[in-house]
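Asker: I'm passing along data_11.cif; it holds mmCIF, C-alpha atoms and all ligand atoms.
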data_query
#
loop_
_atom_site.label_atom_id
_atom_site.label_comp_id
_atom_site.auth_asym_id
_atom_site.auth_seq_id
_atom_site.Cartn_x
_atom_site.Cartn_y
_atom_site.Cartn_z
CA MET A 288 74.89 119.75 122.06
CA ARG A 289 77.48 117.88 119.95
CA LYS A 290 78.92 119.86 117.09
CA ILE A 291 78.69 118.77 113.46
CA ILE A 292 81.56 116.46 112.44
CA LYS A 293 82.98 117.62 109.12
CA ILE A 294 84.55 114.87 107.01
CA LEU A 295 86.42 115.18 103.73
CA ILE A 296 86.36 111.91 101.78
CA LEU A 297 88.88 111.67 98.96
CA GLY A 298 87.06 109.32 96.64
CA GLY A 299 88.55 106.94 94.11
CA ILE A 300 87.59 103.35 94.97
CA HIS A 301 84.01 102.09 95.02
CA GLU A 302 84.24 101.47 98.79
CA ALA A 303 84.53 105.28 99.15
CA LYS A 304 81.09 105.74 97.66
CA ARG A 305 79.64 103.11 100.01
CA LEU A 306 81.27 104.81 102.98
CA ALA A 307 79.88 108.21 101.96
CA ALA A 308 76.41 106.67 101.53
CA GLU A 309 76.62 105.28 105.11
CA LEU A 310 77.85 108.51 106.65
CA THR A 311 75.38 110.83 104.92
CA THR A 312 72.56 109.08 106.80
CA LEU A 313 73.96 110.39 110.11
CA PRO A 314 72.42 113.63 111.38
CA LYS A 315 75.56 115.08 112.99
CA VAL A 316 77.93 114.34 110.14
CA GLU A 317 78.65 116.58 107.15
CA ILE A 318 80.46 115.01 104.20
CA VAL A 319 82.30 116.58 101.32
CA TYR A 320 83.23 113.99 98.70
CA SER A 321 86.15 114.89 96.48
CA LEU A 322 86.93 113.52 93.04
CA ALA A 323 89.97 114.12 90.85
CA GLY A 324 87.65 114.75 87.90
CA LYS A 325 89.65 112.52 85.55
CA THR A 326 86.84 110.05 84.79
CA LEU A 327 83.79 110.98 82.74
CA ASN A 328 80.51 109.89 84.37
CA PRO A 329 82.10 108.74 87.65
CA ASN A 330 80.09 106.84 90.25
CA ILE A 331 79.15 109.48 92.80
CA PRO A 332 77.36 109.24 96.13
CA ASP A 333 74.35 111.34 97.06
CA CYS A 334 76.18 114.03 99.08
CA LYS A 335 78.10 117.28 98.59
CA ILE A 336 80.62 116.74 95.78
CA ARG A 337 83.66 118.75 94.75
CA THR A 338 85.70 117.94 91.67
CA GLY A 339 89.29 118.57 90.54
CA GLY A 340 92.74 118.78 92.10
CA PHE A 341 93.40 121.05 95.09
CA GLY A 342 96.62 122.43 93.65
CA GLY A 343 99.09 120.16 95.39
CA GLU A 344 99.73 119.63 99.06
CA ASN A 345 99.59 123.36 99.89
CA GLY A 346 96.22 123.70 98.17
CA LEU A 347 94.85 120.70 100.04
CA SER A 348 96.18 122.03 103.36
CA SER A 349 94.43 125.38 102.77
CA TYR A 350 91.21 123.63 101.76
CA ILE A 351 91.22 121.48 104.92
CA LYS A 352 92.02 124.47 107.12
CA ASN A 353 89.54 126.89 105.53
CA LEU A 354 86.63 124.46 105.64
CA LYS A 355 87.60 123.30 109.16
CA PHE A 356 87.39 119.55 108.58
CA ASP A 357 87.60 117.32 111.66
CA LEU A 358 88.68 114.30 109.64
CA VAL A 359 90.08 113.43 106.22
CA ILE A 360 89.43 109.94 104.87
CA ASP A 361 91.71 109.02 102.02
CA ALA A 362 89.69 106.48 100.04
CA THR A 363 91.61 106.83 96.80
CA HIS A 364 93.02 103.95 94.77
CA PRO A 365 96.08 102.13 96.23
CA PHE A 366 98.12 103.27 93.21
CA ALA A 367 97.12 106.96 93.60
CA THR A 368 100.28 107.76 95.53
CA GLN A 369 100.46 111.53 94.98
CA ILE A 370 97.10 112.37 96.52
CA ALA A 371 97.74 109.84 99.32
CA SER A 372 100.99 111.55 100.25
CA ASN A 373 99.43 115.04 99.94
CA ALA A 374 96.55 114.03 102.19
CA TYR A 375 98.80 112.55 104.87
CA ILE A 376 101.14 115.58 104.94
CA SER A 377 98.28 118.12 104.80
CA CYS A 378 96.60 116.48 107.81
CA LYS A 379 99.87 116.55 109.75
CA LYS A 380 100.37 120.23 108.90
CA THR A 381 96.82 121.29 109.76
CA ASN A 382 96.56 119.00 112.80
CA THR A 383 93.57 117.22 111.27
CA THR A 384 92.75 113.57 111.97
CA TYR A 385 93.64 111.34 109.02
CA ILE A 386 92.71 107.78 108.12
CA LYS A 387 93.17 105.78 104.93
CA LEU A 388 90.69 103.24 103.66
CA CYS A 389 92.99 100.70 102.03
CA ARG A 390 92.49 97.60 99.98
CA LYS A 391 94.31 94.42 100.97
CA PRO A 392 96.39 93.30 98.01
CA TRP A 393 95.51 89.92 96.49
CA LYS A 394 97.72 87.06 97.62
CA PRO A 395 98.81 84.27 95.31
CA GLY A 396 97.14 80.92 96.08
CA ILE A 397 95.90 78.46 93.48
CA ILE A 398 96.37 81.32 91.05
CA THR A 399 100.00 82.41 91.11
CA TRP A 400 101.93 85.18 89.39
CA GLN A 401 105.25 86.83 88.95
CA SER A 402 105.45 90.04 91.00
CA ALA A 403 106.94 93.33 89.87
CA LYS A 404 107.90 96.02 92.42
CA ASN A 405 106.74 98.86 90.17
CA PHE A 406 106.16 99.76 86.50
CA GLU A 407 109.87 99.95 85.70
CA ASP A 408 110.47 96.50 87.17
CA ALA A 409 107.43 95.17 85.27
CA LYS A 410 108.83 96.53 82.01
CA LYS A 411 112.10 94.65 82.58
CA LYS A 412 110.32 91.42 83.49
CA LEU A 413 107.92 91.69 80.58
CA MET A 414 110.87 91.63 78.15
CA ARG A 415 111.35 87.96 79.06
CA MET A 416 107.67 87.02 78.78
CA GLY A 417 105.17 86.31 75.98
CA SER A 418 104.68 88.52 72.94
CA ARG A 419 100.88 89.00 72.98
CA VAL A 420 100.11 90.97 76.11
CA PHE A 421 96.81 91.87 77.74
CA LEU A 422 97.59 95.14 79.55
CA THR A 423 95.19 96.36 82.22
CA SER A 424 97.46 98.56 84.29
CA GLY A 425 95.63 101.83 83.55
CA THR A 426 96.49 104.89 81.44
CA LYS A 427 99.49 105.91 83.54
CA GLY A 428 101.41 102.71 82.86
CA ILE A 429 100.93 102.41 79.10
CA GLN A 430 103.96 104.43 78.05
CA ASN A 431 106.19 102.11 80.10
CA PHE A 432 105.29 99.14 77.98
CA ILE A 433 104.34 99.96 74.41
CA LEU A 434 107.84 101.03 73.41
CA LEU A 435 109.08 97.47 74.08
CA GLU A 436 110.14 95.68 70.93
CA ASN A 437 108.56 92.45 69.66
CA LYS A 438 105.39 92.81 71.73
CA TRP A 439 101.78 93.34 70.80
CA PHE A 440 99.34 94.78 73.37
CA LEU A 441 95.64 94.54 73.92
CA ILE A 442 94.99 97.48 76.27
CA ARG A 443 91.74 97.75 78.19
CA LEU A 444 90.85 101.17 79.59
CA ILE A 445 87.79 103.00 80.89
CA GLU A 446 88.53 106.08 78.80
CA TRP A 447 90.63 106.96 75.80
CA PRO A 448 94.10 108.13 76.96
CA SER A 449 95.02 111.76 76.25
CA SER A 450 98.29 111.08 74.45
CA LEU A 451 99.80 107.97 72.91
CA PRO A 452 102.63 107.45 70.44
CA SER A 453 101.40 106.47 66.99
CA LEU A 454 102.55 102.86 66.98
CA GLU A 455 100.92 99.83 65.45
CA ASN A 456 101.72 97.38 68.22
CA PHE A 457 98.55 97.85 70.25
CA GLU A 458 94.80 97.82 70.17
CA ILE A 459 92.71 99.68 72.74
CA ILE A 460 89.35 98.50 73.98
CA LEU A 461 87.20 100.75 76.15
CA ASP A 462 85.13 98.97 78.75
CA ARG A 463 84.22 99.28 82.42
CA GLY A 464 84.10 96.26 84.77
CA PRO A 465 83.14 94.16 86.51
CA PHE A 466 83.72 91.58 83.79
CA GLY A 467 82.35 88.03 83.74
CA HIS A 468 84.46 84.87 83.54
CA LEU A 469 83.15 83.75 80.11
CA LYS A 470 83.65 87.16 78.54
CA GLU A 471 87.24 87.25 79.83
CA LEU A 472 87.99 83.75 78.53
CA GLU A 473 86.62 84.73 75.13
CA LEU A 474 88.65 87.94 75.03
CA LEU A 475 91.93 86.18 75.90
CA GLU A 476 91.34 83.37 73.41
CA ASN A 477 90.16 85.61 70.55
CA HIS A 478 93.27 87.77 70.83
CA ARG A 479 95.64 84.83 71.37
CA ILE A 480 96.95 86.45 74.56
CA ASN A 481 99.96 84.74 76.17
CA THR A 482 100.83 87.21 78.98
CA ILE A 483 98.77 89.39 81.33
CA VAL A 484 100.08 92.53 83.00
CA THR A 485 97.97 94.01 85.75
CA LYS A 486 98.13 95.94 89.02
CA ASN A 487 97.47 94.42 92.43
CA SER A 488 94.56 96.76 93.10
CA GLY A 489 92.92 94.55 95.75
CA GLY A 490 89.16 94.36 96.22
CA ILE A 491 87.07 91.79 94.35
CA PHE A 492 89.35 89.22 92.69
CA PRO A 493 89.05 89.83 88.94
CA ALA A 494 87.69 87.27 86.49
CA LYS A 495 90.55 88.01 84.05
CA LEU A 496 93.00 86.35 86.47
CA GLU A 497 90.80 83.29 86.91
CA ALA A 498 90.41 83.10 83.13
CA SER A 499 94.15 83.42 82.53
CA HIS A 500 94.84 80.71 85.13
CA LYS A 501 92.37 78.42 83.36
CA LEU A 502 94.12 79.04 80.03
CA GLY A 503 97.60 78.70 81.56
CA ILE A 504 98.54 82.29 80.70
CA PRO A 505 101.36 83.74 82.89
CA ILE A 506 100.45 86.81 84.96
CA LEU A 507 102.77 89.69 85.74
CA MET A 508 101.47 91.54 88.81
CA ILE A 509 102.58 95.07 89.66
CA GLU A 510 102.42 95.13 93.45
CA GLN A 511 100.89 97.96 95.50
CA PRO A 512 103.15 100.81 96.58
CA ALA A 513 103.47 101.24 100.35
CA PRO A 514 100.67 103.40 101.82
CA PRO A 515 101.41 106.43 104.03
CA ARG A 516 102.22 105.79 107.71
CA GLY A 517 98.93 107.01 109.21
CA THR A 518 95.94 105.00 110.46
CA LEU A 519 95.20 102.34 107.84
CA LEU A 520 91.83 100.57 107.76
CA TYR A 521 91.05 97.69 105.44
CA SER A 522 87.26 97.51 105.07
CA LEU A 523 84.12 99.58 105.31
CA GLU A 524 83.23 97.77 108.55
CA GLU A 525 86.63 98.52 110.11
CA THR A 526 86.27 102.16 109.10
CA ILE A 527 82.77 102.51 110.58
CA ASN A 528 84.00 100.86 113.82
CA TRP A 529 86.88 103.30 113.98
CA LEU A 530 84.50 106.26 113.41
CA ASN A 531 82.09 104.96 116.05
CA LYS A 532 84.86 104.84 118.65
CA ARG A 533 86.44 108.15 117.68
CA PHE A 534 83.22 110.19 117.40
CA ASN A 535 80.72 108.15 119.48
CA LEU A 536 78.54 107.65 116.41
CA ASN A 537 76.95 104.31 117.31
CA HIS A 538 76.31 103.55 113.63
CA THR A 539 75.73 100.04 112.27
CA ILE A 540 75.78 98.96 108.64
CA ASP A 541 72.49 97.38 107.50
P1 LIG A 601 97.49 110.64 91.91
O1 LIG A 601 98.63 110.53 90.95
O2 LIG A 601 97.73 110.25 93.31
O3 LIG A 601 96.92 112.13 91.91
C1 LIG A 601 97.23 113.08 90.93
C2 LIG A 601 96.53 114.36 91.30
O4 LIG A 601 95.12 114.24 91.07
C3 LIG A 601 96.64 114.73 92.77
O5 LIG A 601 97.88 115.32 93.06
C4 LIG A 601 95.46 115.64 92.94
O6 LIG A 601 95.70 116.90 92.34
C5 LIG A 601 94.41 114.97 92.06
N1 LIG A 601 93.54 114.05 92.79
C6 LIG A 601 93.66 112.69 92.90
N2 LIG A 601 92.63 112.18 93.60
C7 LIG A 601 91.86 113.24 93.95
C8 LIG A 601 90.64 113.35 94.67
N3 LIG A 601 89.99 112.28 95.16
N4 LIG A 601 90.13 114.60 94.83
C9 LIG A 601 90.75 115.69 94.31
N5 LIG A 601 91.89 115.63 93.61
C10 LIG A 601 92.44 114.42 93.44
O7 LIG A 601 96.23 109.83 91.39
P2 LIG A 601 95.96 109.09 89.99
O8 LIG A 601 96.66 107.80 90.01
O9 LIG A 601 96.19 110.08 88.89
O10 LIG A 601 94.40 108.84 90.13
C11 LIG A 601 93.48 109.91 90.02
C12 LIG A 601 92.18 109.47 90.70
O11 LIG A 601 91.72 108.29 90.06
C13 LIG A 601 92.38 109.16 92.17
O12 LIG A 601 91.35 109.75 92.90
C14 LIG A 601 92.32 107.66 92.24
O13 LIG A 601 91.73 107.19 93.43
C15 LIG A 601 91.50 107.29 91.03
N6 LIG A 601 91.90 105.98 90.47
C16 LIG A 601 93.22 105.74 90.23
C17 LIG A 601 93.61 104.51 89.77
C18 LIG A 601 95.07 104.20 89.53
O14 LIG A 601 95.38 103.06 89.15
N7 LIG A 601 95.99 105.13 89.71
C19 LIG A 601 92.66 103.52 89.53
C20 LIG A 601 91.31 103.79 89.79
C21 LIG A 601 90.95 105.04 90.27
P3 LIG A 601 96.25 118.15 93.18
O15 LIG A 601 97.67 117.83 93.52
O16 LIG A 601 96.07 119.30 92.28
O17 LIG A 601 95.41 118.23 94.43
#
In C-alpha cells, write the structure found in this file.
Ligand code: NAP
Answerer:
Amino acid sequence: MRKIIKILILGGIHEAKRLAAELTTLPKVEIVYSLAGKTLNPNIPDCKIRTGGFGGENGLSSYIKNLKFDLVIDATHPFATQIASNAYISCKKTNTTYIKLCRKPWKPGIITWQSAKNFEDAKKKLMRMGSRVFLTSGTKGIQNFILLENKWFLIRLIEWPSSLPSLENFEIILDRGPFGHLKELELLENHRINTIVTKNSGGIFPAKLEASHKLGIPILMIEQPAPPRGTLLYSLEETINWLNKRFNLNHTID
C-alpha cells in the first residue's frame, strides 16, 4: 500500500490556493497550507491551515523534519525573497524535495516601461520622472519612495501599513484587486497621475498598466528578484504534471 504523501504548501499567490484545492481532492495526499499571517481575511483553501512565521530558516527546517514532509512547494509571491530562500535551504538541510511555483514576469510589448533592478534603483530612476506618482509596490517599498522631494504619491494597498512617517505628500487608498479598466482610468485621471511605479509580479496583466498606456503615463517597473536555484515550475498545470511524474498521482485538472 502506498504511503500518504505529505506536502507543505507555502501560500502567498492565488495559484497556491488553486493548487491546494486540486491536491486536497487526492486520497493519498495530505496538505498543510502555510500563511505568513500578515493579511487580514486572506483567501484560504479548504485544507489544514497553519499561520505565522516559522522562526527563520532553522524553525522551518525543524517544522519540515518534525512533521516529516515529503515535499515543500514554495508558492509565495515572487518578491517574498526571505521565505523563498529559507524554504530552499531548509529543504536542502532536511533532504526534502523542493519545488517553487513561480510566476513568469510580464514582458514589455505594445505596453512598454522603464525597468528598475530593485527598490533602490527604482528610487533613483523615479527622481527623474513625473511628480504625481501612483505607487502600487506594496507596503515594504513605501519608505523607499515617500522621502523623495517634489513628489506626491497615491498609494494603493490592501491593508493600512503599520508605520509611516507623518508627511503630507501622499494619500493612501485601501482596495483589493482585481481592478477593472474603467475604474483604473478614472483613478489615474482624477488624481492627475503622471508616473506609475509597480512591481513585475507576473500573473494576470493588470488593468492599471493598460490604463496608463492609454493615457500615455510612463511606467516604472521593479523587476522580479532571481528565484532560488531549485526546481522552478511556471503554472498550475506544469506543477500537477511534475507531481504526477514524481509521485505517480495520475491527476488531471478539470
Ligand atoms: P518575506 O519577506 O519573504 O518573508 C518574511 C517572513 O514572513 C518569512 O521569513 C517568514 O517568517 C514569514 N513568511 C512568509 N511567507 C510565509 C508563509 N507562506 N508561511 C509562513 N511564514 C511565512 O515575505 P513578504 O514579502 O513579507 O511577504 C509575506 C507573505 O505575503 C508571503 O507569504 C508572500 O507570498 C505574501 N505576499 C507578498 C507580496 C510581496 O510583494 N512581497 C505580495 C503578495 C503576497 P519566518 O522567518 O519567521 O519563518
Asker: List the neighbours of Phe466 (chain A) out to 9 Å using all atoms listed in the file; skip same-chain residues closer than 2 positions along the sequence, and give me the result as a ChimeraX atom specification.
Answerer: /A:463-464,468-471,493-495
Asker: Which is closest to Gly490 (chain A) among A:Pro392, A:Glu524, A:Gln369, A:Ile351, if we use only C-alpha atoms?
Answerer: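 Closest to Gly490 (chain A), using only C-alpha atoms: A:Pro392.
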Asker: Go through A:Ser418, A:Ser522, A:Asn330, A:Ser488 and flag the residue nearest ligand LIG 601 (chain A), using only C-alpha atoms and all ligand atoms for the distances.
Answerer: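 Of the candidates, the smallest distance to ligand LIG 601 (chain A) is held by A:Ser488.
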Asker: Let me see if you get this right: every residue at most 7 Å from ligand LIG 601 (chain A), counting all atoms listed in the file, written as a ChimeraX atom specification.
Answerer: /A:297-300,321-323,325,338-344,346-347,362-364,366-371,424-425
Asker: Separation of CA of Thr526 (chain A) and CA of Pro314 (chain A), in Å?
Answerer: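 Answer for the CA of Thr526 (chain A) to CA of Pro314 (chain A) separation: 18.1 Å.
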Asker: Pick out the closest residue to Trp447 (chain A) from this set: A:Asn537, A:Gln511, A:Thr312, A:Thr326. Count all atoms listed in the file.
Answerer: A:Thr326
Asker: Using all atoms listed in the file, what table do you get, as CSV, when you list each residue of region 462-510 of chain A with an atom no more than 8 Å from region 397-401 of chain A, its nearest pair of atoms, and their distance in Å rounded to one decimal, rows by chain then rising number?
Answerer:
residue,atom,partner,partner_atom,distance
A:Leu496,CA,A:Ile398,CA,7.6
A:Glu497,CA,A:Ile398,CA,7.2
A:His500,CA,A:Ile398,CA,6.1
A:Pro505,CA,A:Trp400,CA,6.7
A:Ile506,CA,A:Trp400,CA,4.9
A:Leu507,CA,A:Gln401,CA,5.0
A:Met508,CA,A:Gln401,CA,6.0
Asker: Can I get the selection written as a JSON list (two decimals), in the frame of the given file, with C-alpha atoms?
Answerer:
[["chain", "number", "residue", "atom", "x", "y", "z"],
["A", 496, "LEU", "CA", 93.00, 86.35, 86.47],
["A", 497, "GLU", "CA", 90.80, 83.29, 86.91],
["A", 500, "HIS", "CA", 94.84, 80.71, 85.13],
["A", 505, "PRO", "CA", 101.36, 83.74, 82.89],
["A", 506, "ILE", "CA", 100.45, 86.81, 84.96],
["A", 507, "LEU", "CA", 102.77, 89.69, 85.74],
["A", 508, "MET", "CA", 101.47, 91.54, 88.81]]
Asker: I'd like the contact shell of region 453-456 of chain A - 10 Å cut-off, only C-alpha atoms, skipping same-chain residues fewer than 2 positions apart - returned as a list in words.
Answerer: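 Answer for this query is Arg419, Ile433, Leu434, Leu435, Glu436, Asn437, Lys438, Trp439, Phe440, Leu441, Ser450, Leu451 and Glu458 of chain A.
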Asker: In Å, with one decimal, what is the gap from CA of Phe356 (chain A) to CA of Lys315 (chain A)?
Answerer: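 Spanning CA of Phe356 (chain A) to CA of Lys315 (chain A) is a straight-line distance of 13.4 Å.
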Asker: I need region 434-449 of chain A from the structure I supplied, saved as an mmCIF file, in the first residue's frame with N, CA, C and O atoms retained.
Answerer:
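See decode16.cif below for the written result:
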data_model
loop_
_atom_site.group_PDB
_atom_site.id
_atom_site.type_symbol
_atom_site.label_atom_id
_atom_site.label_comp_id
_atom_site.auth_asym_id
_atom_site.auth_seq_id
_atom_site.Cartn_x
_atom_site.Cartn_y
_atom_site.Cartn_z
ATOM 1 N N LEU A 434 10.122 59.623 0.881
ATOM 2 C CA LEU A 434 11.036 60.657 1.355
ATOM 3 C C LEU A 434 11.625 61.471 0.201
ATOM 4 O O LEU A 434 12.330 62.454 0.419
ATOM 5 N N LEU A 435 11.303 61.067 -1.047
ATOM 6 C CA LEU A 435 11.794 61.833 -2.205
ATOM 7 C C LEU A 435 11.140 63.210 -2.229
ATOM 8 O O LEU A 435 9.944 63.339 -1.959
ATOM 9 N N GLU A 436 11.951 64.196 -2.591
ATOM 10 C CA GLU A 436 11.406 65.566 -2.617
ATOM 11 C C GLU A 436 10.638 65.819 -3.905
ATOM 12 O O GLU A 436 10.877 65.180 -4.930
ATOM 13 N N ASN A 437 9.725 66.766 -3.857
ATOM 14 C CA ASN A 437 8.958 67.226 -5.025
ATOM 15 C C ASN A 437 8.139 66.135 -5.698
ATOM 16 O O ASN A 437 7.978 66.127 -6.912
ATOM 17 N N LYS A 438 7.656 65.188 -4.903
ATOM 18 C CA LYS A 438 6.783 64.139 -5.446
ATOM 19 C C LYS A 438 5.537 64.048 -4.576
ATOM 20 O O LYS A 438 5.600 64.242 -3.354
ATOM 21 N N TRP A 439 4.444 63.694 -5.227
ATOM 22 C CA TRP A 439 3.219 63.388 -4.483
ATOM 23 C C TRP A 439 2.799 61.969 -4.870
ATOM 24 O O TRP A 439 2.904 61.585 -6.040
ATOM 25 N N PHE A 440 2.351 61.173 -3.868
ATOM 26 C CA PHE A 440 2.064 59.756 -4.127
ATOM 27 C C PHE A 440 0.615 59.386 -3.819
ATOM 28 O O PHE A 440 0.089 59.744 -2.751
ATOM 29 N N LEU A 441 0.025 58.682 -4.744
ATOM 30 C CA LEU A 441 -1.224 57.985 -4.467
ATOM 31 C C LEU A 441 -0.803 56.530 -4.254
ATOM 32 O O LEU A 441 -0.249 55.898 -5.156
ATOM 33 N N ILE A 442 -1.037 56.017 -3.028
ATOM 34 C CA ILE A 442 -0.528 54.676 -2.686
ATOM 35 C C ILE A 442 -1.713 53.732 -2.496
ATOM 36 O O ILE A 442 -2.575 53.980 -1.637
ATOM 37 N N ARG A 443 -1.754 52.686 -3.288
ATOM 38 C CA ARG A 443 -2.859 51.721 -3.123
ATOM 39 C C ARG A 443 -2.329 50.468 -2.422
ATOM 40 O O ARG A 443 -1.358 49.867 -2.868
ATOM 41 N N LEU A 444 -3.018 50.109 -1.331
ATOM 42 C CA LEU A 444 -2.619 48.957 -0.520
ATOM 43 C C LEU A 444 -3.842 48.115 -0.175
ATOM 44 O O LEU A 444 -4.979 48.603 -0.242
ATOM 45 N N ILE A 445 -3.596 46.890 0.260
ATOM 46 C CA ILE A 445 -4.706 46.039 0.723
ATOM 47 C C ILE A 445 -5.041 46.390 2.169
ATOM 48 O O ILE A 445 -6.186 46.408 2.573
ATOM 49 N N GLU A 446 -3.995 46.654 2.941
ATOM 50 C CA GLU A 446 -4.187 46.985 4.357
ATOM 51 C C GLU A 446 -3.360 48.190 4.758
ATOM 52 O O GLU A 446 -2.322 48.458 4.154
ATOM 53 N N TRP A 447 -3.811 48.854 5.803
ATOM 54 C CA TRP A 447 -3.096 50.023 6.300
ATOM 55 C C TRP A 447 -1.707 49.609 6.776
ATOM 56 O O TRP A 447 -1.580 48.625 7.507
ATOM 57 N N PRO A 448 -0.634 50.308 6.376
ATOM 58 C CA PRO A 448 0.712 49.911 6.821
ATOM 59 C C PRO A 448 0.909 50.190 8.302
ATOM 60 O O PRO A 448 0.280 51.093 8.859
ATOM 61 N N SER A 449 1.801 49.431 8.954
ATOM 62 C CA SER A 449 1.958 49.554 10.407
ATOM 63 C C SER A 449 2.636 50.860 10.807
ATOM 64 O O SER A 449 2.283 51.470 11.791
#
